[in-house]
Amino acid sequence: MIQKALALAEELQGQIEVNISNSEKEFHAKMQKLLNNPKNKVMLIELLDRSFRCKDKNASFELIEYTLSKYGIADFFSTFEKFLLFSFLNFGKFAPNLSVPFFVKHLREDTKAMVLDANPSVLEPHINKRKEQDKITLNVNLIGEEVLGEAESKYRMQKYEEALKSSYITYISIKITTIFSQINIIDFDYSKEEVVKRLDYLYALALEEEKKQGVSKFINL
């Protein structure tokens, strides 16, 4: 039985490899590099977070520059993308109002297969399609590793609330560093109390929405 299953899997994989397009091959190769090196994944998440967060182009450039300097230009970028990044770092600072939007646009385009648009008109059809056609429940993970202040953490809490209240999102991931901005290891008890308070609220909301909507709501930490 096991040998038959392995043979079938090998046959299916062979058919996939034969029919896969060049663009899909390039994407799979890039994803393989991304997955093989955890540092690449962290860098990409930070880069996305810093690129989309700030409205001030000068500040955005500095955040992007810091991230790229911190991790280096990852090997999953293509030769052309590496050239663009090199040009951005060396010349973009002279015209951030032009270079930053160009960088963000290219980054969105390059990651659109991995990072979905959170707009309901885009996200809802995608989630429903995966659920109905592929029997897959998507884990919605909002981009962002940390918040810069309580105003931003309140905004992130609001986004988590909206996700839980939506009819099409049933599974979300929450990062503790995004719901409380003042985590302090010196004052561990206070930090723990605040984090637990906010998590309690979100879990209570999830249970409430389960009863209202009649579907399970799952929160992953």
# chains A, B, ... in the order shown; residues from 1 in each chain; ligands from 1
>>> residues_around(residues="Lys57 of chain A", least_positions_apart="4", cutoff="8 Å", atoms="only C-alpha atoms", output="list in words")
Phe61, Pro96, Asn97 and Val100 of chain A
>>> select_by_dssp(residues="chain A", states="alpha helix (DSSP H)", output="PyMOL selection string")
chain A and resi 2-19+22-36+38-53+57-71+79-91+96-111+120-133+150-165+176-179+188-213
>>> closest_residue(among="A:Glu132, A:Leu138, A:Lys217, A:Asp117", to="Leu164 of chain A", atoms="only C-alpha atoms")
A:Lys217
>>> closest_residue(among="A:Gln3, A:Asn141, A:Ser69, A:Gln213", to="Asn90 of chain A", atoms="only C-alpha atoms")
A:Ser69
>>> closest_residue(among="A:Lys165, A:Lys93, A:Lys41, A:Arg156", to="Lys211 of chain A", atoms="only C-alpha atoms")
A:Lys165
>>> select_by_dssp(residues="segment 41-204 of chain A", states="strand (DSSP E)", output="list in words")
Val140, Asn141, Tyr171, Ile172 and Ser173 of chain A
>>> closest_residue(among="A:Ile64, A:Leu123, A:Ala206, A:Leu48", to="Glu109 of chain A", atoms="only C-alpha atoms")
A:Leu48
>>> residues_around(residues="segment 26-33 of chain A", least_positions_apart="3", cutoff="8 Å", atoms="only C-alpha atoms", output="number ranges by chain")
A: 22-23, 36-37, 75-77
>>> atom_distance(atom1="atom CA of Ile136 of chain A", atom2="atom CA of Met43 of chain A")
27.2 Å
>>> atom_distance(atom1="atom CA of Arg108 of chain A", atom2="atom CA of Phe218 of chain A")
27.8 Å
